[in-house]
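Worksheet for the structure shown next.
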Amino acid sequence: MKNKTPPFTIRIFDTTLRDGEQSPGVSLTIEDKIEIANQLSQLGVDTIEAGFPSSSEGEKKVIKQIATEKLQPEICALSRANKPDIEAAIDCNVDAIHVFIPTSPVQMKHAIGMTPQQVLDAAVDSVAYVKKHGLTCEFSPMDATRSELPFLKQVCQAAEEAGMDRLNVPDTVGIMTPKTMTKLIQEIKTAVSVPISVHCHDDFGMAVANSLAAVEAGAQQIHCTINGLGERAGNASLEEVVVALHMLYNYKTKVNTKLLYSTSRMVSALTGLAVQANKAIVGENAFAHESGIHTRGVAEKPLTFEPIKPELVGRTRKLVAGKLAGTRGIKAELEEIGIRPTEDQLKDIVKRVKELGDKGKMVTDADLIALTSAVMGEVLGEEKIIDLCDLAVMTGVKVLPTASVRLVLDGKEYVAAETGVGPVDAVLKSIQSLTNSIEKIRLKEYRLEAITGGSNAVAEVVIKVEDEKGNVVSARAAREDIVMASVEAMINGINKCLLKNRKQGNKK
Ligand code: KIV
Ligand code: ZN
């Protein structure tokens, strides 16, 4: 760990709503964008890049709306280096305008068809125009990292003379390494005196490392996105950048790290882009331990295998049962929900867990409880908090798959009906529409694990459900009827999630 006293503060420029929304397949509604902007404000970012006003009337409307929310962060809009774009941004009543224009030979020639002189003039005129309107101007020489250094410096100097407030250095196609980024920032610092920012893309998986190298070389701001969303392979991930700055570099940011996980979950739910399980900080497995030596270590002293305290980023530790699990890990996992087997019972439970794991099966939370019940007798009580009463599904040619379910939750009856892309989707949506509004439990993952035989084959469904706090519970069911296997797994998972929560004294 590097020590710098006093720690100095790095600005976090969040571009989830702009570059993040450029992630292939992502399209956010006005309501989604406003919800995310409010969350980013709570999180404590310094700037929210709310969008690109000239891209559409709808985009302009959202940015205007975000600007009226009176949020804490500076609200910024992206603009090409031309008057109509800048006017569209001014129209949105934002605090800052981020003006960009390509400066690399390949992009000047093939992306905008302009000569270097035209680019230089457009940059100067645009920065001056923004400043004439009294707004903060951040300027980006796009594709800076593939630009010729003398020309890049010339454009940056001219933009500074025209009044730019911050210079952002985009690694547009993510080709830098920490070493080349350090050198480039040192060079640019000799040309301009305004604060320097970096905007790194992750094409080679180097966006976070390159952003941190830029900071070490003197950059004072990092562009990043929640979950690393963004064009192609994405941008530097905000959660990774912030935690690394705080913990490895002893720099400060204004970000409240305890909100990182909930923000990541919200953005994943609204964008529909899942976070990979092994992603640092916010991935499902980032604080999960399975192998015997690890679970024993963390159960005794978390520091053994946890470089980051889960609470620091709004998470909890998860010990996972599986073929690599050890006795202490499974004991600790069961103790978490108030189950205390004897030594002999524990040995038997561990043996059964390993047998299941050796068959190549994922050992779900519900499996662990079922195996424990088989050894100790019913461990979480006979009662089902949620139970299915009726289910009707309709599907066919020219019929929109529709399902209606009646279920009992805490002794009270609820009915819901939903349509879906198929009967399984419709029925799971119906169950979710009830559980999500009553107990805030939603389906996180659905897998059809094994199908054997002919048309009467057994289908095995494994699901994961997630509660409000981000606790994930897995369950499985196997049946000849895929719809019924899905419903059973879902109800099973929701029950285990509720039972676990209530055993831990979290009854709502
Ligand atoms: O990647 C990039 O160069 C950009 C610019 C608009 C800054 O997103
Ligand atoms: Zn970008």
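FYI, nothing fancy with the structure tokens labels: chains A, B, ... in order, residues from 1 per chain, ligands from 1 as they appear.
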At a cut-off of 8 Å, using only C-alpha atoms, what residues contact Val241 of chain A? Leave out same-chain residues fewer than 6 positions from it and give the result as a PDB file with N, CA, C and O atoms, in the first residue's frame.
ATOM      1  N   VAL A 208      -9.285   0.087 -15.795  1.00  0.00           N
ATOM      2  CA  VAL A 208      -9.091   0.524 -14.409  1.00  0.00           C
ATOM      3  C   VAL A 208      -7.609   0.775 -14.143  1.00  0.00           C
ATOM      4  O   VAL A 208      -7.227   1.824 -13.592  1.00  0.00           O
ATOM      5  N   SER A 211      -6.520   3.979 -15.744  1.00  0.00           N
ATOM      6  CA  SER A 211      -7.051   5.170 -15.054  1.00  0.00           C
ATOM      7  C   SER A 211      -6.225   5.448 -13.803  1.00  0.00           C
ATOM      8  O   SER A 211      -5.902   6.605 -13.488  1.00  0.00           O
ATOM      9  N   LEU A 212      -5.884   4.380 -13.083  1.00  0.00           N
ATOM     10  CA  LEU A 212      -5.109   4.564 -11.850  1.00  0.00           C
ATOM     11  C   LEU A 212      -3.692   5.046 -12.163  1.00  0.00           C
ATOM     12  O   LEU A 212      -3.139   5.887 -11.446  1.00  0.00           O
ATOM     13  N   CYS A 224     -15.821   7.190 -15.221  1.00  0.00           N
ATOM     14  CA  CYS A 224     -16.118   5.767 -15.037  1.00  0.00           C
ATOM     15  C   CYS A 224     -17.615   5.519 -15.063  1.00  0.00           C
ATOM     16  O   CYS A 224     -18.413   6.467 -15.089  1.00  0.00           O
TER      17      CYS A 224
END
Practice task
Check which residues fall inside 10 Å of ligand 2 when counting only C-alpha atoms and all ligand atoms, and print them as a VMD selection string.
Solution key: chain A and resid 15 18 to 20 22 142 to 143 170 to 174 199 to 202 223 to 224 230 to 232 234 to 236
Find the spatial neighbours of Ala122 of chain A, counting only C-alpha atoms, within a cut-off of 7 Å - ignore same-chain residues fewer than 3 positions away - and output them as an mmCIF file with all heavy atoms, in the first residue's frame.
data_model
loop_
_atom_site.group_PDB
_atom_site.id
_atom_site.type_symbol
_atom_site.label_atom_id
_atom_site.label_comp_id
_atom_site.auth_asym_id
_atom_site.auth_seq_id
_atom_site.Cartn_x
_atom_site.Cartn_y
_atom_site.Cartn_z
ATOM 1 N N ALA A 81 -18.186 19.201 -31.353
ATOM 2 C CA ALA A 81 -17.631 20.556 -31.413
ATOM 3 C C ALA A 81 -18.321 21.362 -32.512
ATOM 4 O O ALA A 81 -17.702 21.720 -33.521
ATOM 5 C CB ALA A 81 -16.125 20.474 -31.635
ATOM 6 N N ASN A 82 -19.610 21.625 -32.309
ATOM 7 C CA ASN A 82 -20.315 22.496 -33.250
ATOM 8 C C ASN A 82 -21.428 23.242 -32.508
ATOM 9 O O ASN A 82 -21.879 22.782 -31.445
ATOM 10 C CB ASN A 82 -20.866 21.707 -34.454
ATOM 11 C CG ASN A 82 -21.889 20.676 -34.043
ATOM 12 O OD1 ASN A 82 -22.850 20.985 -33.334
ATOM 13 N ND2 ASN A 82 -21.691 19.450 -34.469
ATOM 14 N N GLN A 118 -8.991 22.237 -39.448
ATOM 15 C CA GLN A 118 -10.446 22.374 -39.185
ATOM 16 C C GLN A 118 -10.779 21.885 -37.771
ATOM 17 O O GLN A 118 -11.591 22.477 -37.065
ATOM 18 C CB GLN A 118 -11.247 21.571 -40.224
ATOM 19 C CG GLN A 118 -11.280 22.232 -41.599
ATOM 20 C CD GLN A 118 -11.842 21.293 -42.668
ATOM 21 O OE1 GLN A 118 -11.651 20.076 -42.614
ATOM 22 N NE2 GLN A 118 -12.520 21.872 -43.649
ATOM 23 N N VAL A 119 -10.114 20.799 -37.367
ATOM 24 C CA VAL A 119 -10.353 20.252 -36.016
ATOM 25 C C VAL A 119 -9.904 21.267 -34.967
ATOM 26 O O VAL A 119 -10.627 21.556 -33.995
ATOM 27 C CB VAL A 119 -9.606 18.899 -35.843
ATOM 28 C CG1 VAL A 119 -9.517 18.495 -34.371
ATOM 29 C CG2 VAL A 119 -10.310 17.815 -36.656
ATOM 30 N N ASP A 125 -13.275 27.234 -31.258
ATOM 31 C CA ASP A 125 -14.562 27.947 -31.366
ATOM 32 C C ASP A 125 -15.581 27.356 -30.381
ATOM 33 O O ASP A 125 -16.347 28.092 -29.745
ATOM 34 C CB ASP A 125 -15.139 27.822 -32.785
ATOM 35 C CG ASP A 125 -14.295 28.593 -33.799
ATOM 36 O OD1 ASP A 125 -13.420 29.364 -33.353
ATOM 37 O OD2 ASP A 125 -14.502 28.386 -35.023
ATOM 38 N N SER A 126 -15.583 26.035 -30.254
ATOM 39 C CA SER A 126 -16.596 25.395 -29.410
ATOM 40 C C SER A 126 -16.360 25.688 -27.937
ATOM 41 O O SER A 126 -17.297 26.006 -27.193
ATOM 42 C CB SER A 126 -16.597 23.884 -29.630
ATOM 43 O OG SER A 126 -16.849 23.627 -30.979
#
Handout entry: Residue nearest ligand 1 among A:Ile431, A:Val405, A:Ile97, A:Ile330 (counting only C-alpha atoms and all ligand atoms)
Key =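 So, comparing all the options, the nearest one is A:Ile97.
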Completion exercise
Across A:Gly228, A:Gly314, A:Gly163, A:Gly272, the smallest distance to Gly470 of chain A, with only C-alpha atoms counted, is shown by A:Gly314
Problem - Residue among A:Arg352, A:Arg146, A:His98, A:Lys500 lying closest to Lys131 of chain A, counting only C-alpha atoms - result: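 Of all the options, A:His98 lies closest to Lys131 of chain A.
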Exercise for the section: Within 12 Å of Asn38 of chain A, counting only C-alpha atoms, which residues show up once you throw out same-chain ones fewer than 3 positions away? Write them as a VMD selection string, please. Expected result: chain A and resid 17 31 to 35 41 to 45 48 50 65 to 73 75 263 266 to 267
Practice task
Would you please extract all alpha helix (DSSP H) residues from segment 160-392 of chain A, as assigned by DSSP on the backbone, and give them as number ranges by chain?
Solution key: A: 160-161, 178-191, 207-216, 238-247, 260-271, 292-300, 327-336, 343-358, 365-376
Produce a file of the selected residues containing C-alpha atoms, as a short mmCIF file (atom, residue, chain, number, x, y, z; two decimals), in the first residue's frame.
data_model
loop_
_atom_site.label_atom_id
_atom_site.label_comp_id
_atom_site.auth_asym_id
_atom_site.auth_seq_id
_atom_site.Cartn_x
_atom_site.Cartn_y
_atom_site.Cartn_z
CA GLU A 160 -6.96 26.02 -22.72
CA GLU A 161 -6.41 29.45 -24.24
CA PRO A 178 -0.22 1.77 -17.38
CA LYS A 179 3.28 2.65 -18.61
CA THR A 180 2.20 4.42 -21.81
CA MET A 181 -0.61 6.18 -19.96
CA THR A 182 1.81 7.49 -17.31
CA LYS A 183 4.08 8.85 -20.04
CA LEU A 184 1.22 10.49 -21.96
CA ILE A 185 -0.21 12.25 -18.89
CA GLN A 186 3.27 13.50 -17.97
CA GLU A 187 3.65 14.89 -21.50
CA ILE A 188 0.23 16.57 -21.49
CA LYS A 189 0.93 18.12 -18.11
CA THR A 190 3.83 19.99 -19.70
CA ALA A 191 1.39 21.55 -22.18
CA ALA A 207 -9.34 0.49 -18.20
CA VAL A 208 -9.09 0.52 -14.41
CA ALA A 209 -5.32 -0.01 -14.34
CA ASN A 210 -4.79 2.74 -16.94
CA SER A 211 -7.05 5.17 -15.05
CA LEU A 212 -5.11 4.56 -11.85
CA ALA A 213 -1.80 5.00 -13.68
CA ALA A 214 -3.08 8.34 -14.99
CA VAL A 215 -3.88 9.43 -11.45
CA GLU A 216 -0.40 8.45 -10.30
CA LEU A 238 -16.56 3.01 -10.94
CA GLU A 239 -16.69 0.53 -8.09
CA GLU A 240 -13.23 -0.88 -8.88
CA VAL A 241 -11.68 2.54 -9.42
CA VAL A 242 -13.07 3.97 -6.19
CA VAL A 243 -12.20 1.04 -3.92
CA ALA A 244 -8.69 0.82 -5.40
CA LEU A 245 -8.17 4.58 -4.95
CA HIS A 246 -9.27 4.39 -1.32
CA MET A 247 -7.60 1.15 -0.31
CA LEU A 260 -21.66 0.67 -4.29
CA TYR A 261 -23.40 -2.71 -4.25
CA SER A 262 -26.97 -1.40 -4.17
CA THR A 263 -26.11 1.01 -7.01
CA SER A 264 -24.62 -1.82 -9.04
CA ARG A 265 -27.74 -3.96 -8.48
CA MET A 266 -30.03 -1.13 -9.47
CA VAL A 267 -28.12 -0.38 -12.68
CA SER A 268 -27.97 -4.07 -13.58
CA ALA A 269 -31.72 -4.45 -13.05
CA LEU A 270 -32.61 -1.34 -15.07
CA THR A 271 -30.19 -1.96 -17.95
CA GLY A 292 -12.23 -25.75 3.11
CA ILE A 293 -9.06 -23.78 3.84
CA HIS A 294 -10.69 -20.49 2.81
CA THR A 295 -13.94 -20.97 4.74
CA ARG A 296 -12.04 -22.07 7.82
CA GLY A 297 -9.79 -19.03 7.51
CA VAL A 298 -12.52 -16.44 7.03
CA ALA A 299 -14.73 -18.02 9.68
CA GLU A 300 -11.87 -17.56 12.17
CA THR A 327 -16.57 -28.86 7.89
CA ARG A 328 -16.02 -25.44 9.46
CA GLY A 329 -17.39 -23.58 6.48
CA ILE A 330 -20.59 -25.62 6.40
CA LYS A 331 -20.87 -25.34 10.20
CA ALA A 332 -20.52 -21.55 9.92
CA GLU A 333 -23.04 -21.40 7.08
CA LEU A 334 -25.59 -23.36 9.07
CA GLU A 335 -24.92 -21.36 12.22
CA GLU A 336 -25.70 -18.21 10.28
CA GLU A 343 -20.24 -33.26 15.49
CA ASP A 344 -21.57 -36.52 14.04
CA GLN A 345 -24.47 -34.83 12.28
CA LEU A 346 -22.10 -32.26 10.80
CA LYS A 347 -19.80 -35.01 9.47
CA ASP A 348 -22.78 -36.67 7.82
CA ILE A 349 -24.00 -33.37 6.29
CA VAL A 350 -20.54 -32.58 4.89
CA LYS A 351 -20.31 -36.11 3.41
CA ARG A 352 -23.65 -35.67 1.66
CA VAL A 353 -22.71 -32.20 0.37
CA LYS A 354 -19.50 -33.58 -1.11
CA GLU A 355 -21.33 -36.52 -2.68
CA LEU A 356 -23.70 -34.15 -4.42
CA GLY A 357 -20.81 -31.92 -5.52
CA ASP A 358 -18.87 -34.94 -6.85
CA ASP A 365 -28.80 -23.28 -0.53
CA ALA A 366 -32.03 -25.24 -0.62
CA ASP A 367 -30.04 -28.46 -1.18
CA LEU A 368 -27.93 -27.76 1.91
CA ILE A 369 -31.05 -27.23 3.99
CA ALA A 370 -32.68 -30.36 2.54
CA LEU A 371 -29.54 -32.46 3.24
CA THR A 372 -29.34 -31.04 6.75
CA SER A 373 -33.03 -31.83 7.30
CA ALA A 374 -32.42 -35.39 6.10
CA VAL A 375 -29.73 -35.76 8.76
CA MET A 376 -31.25 -33.78 11.64
#
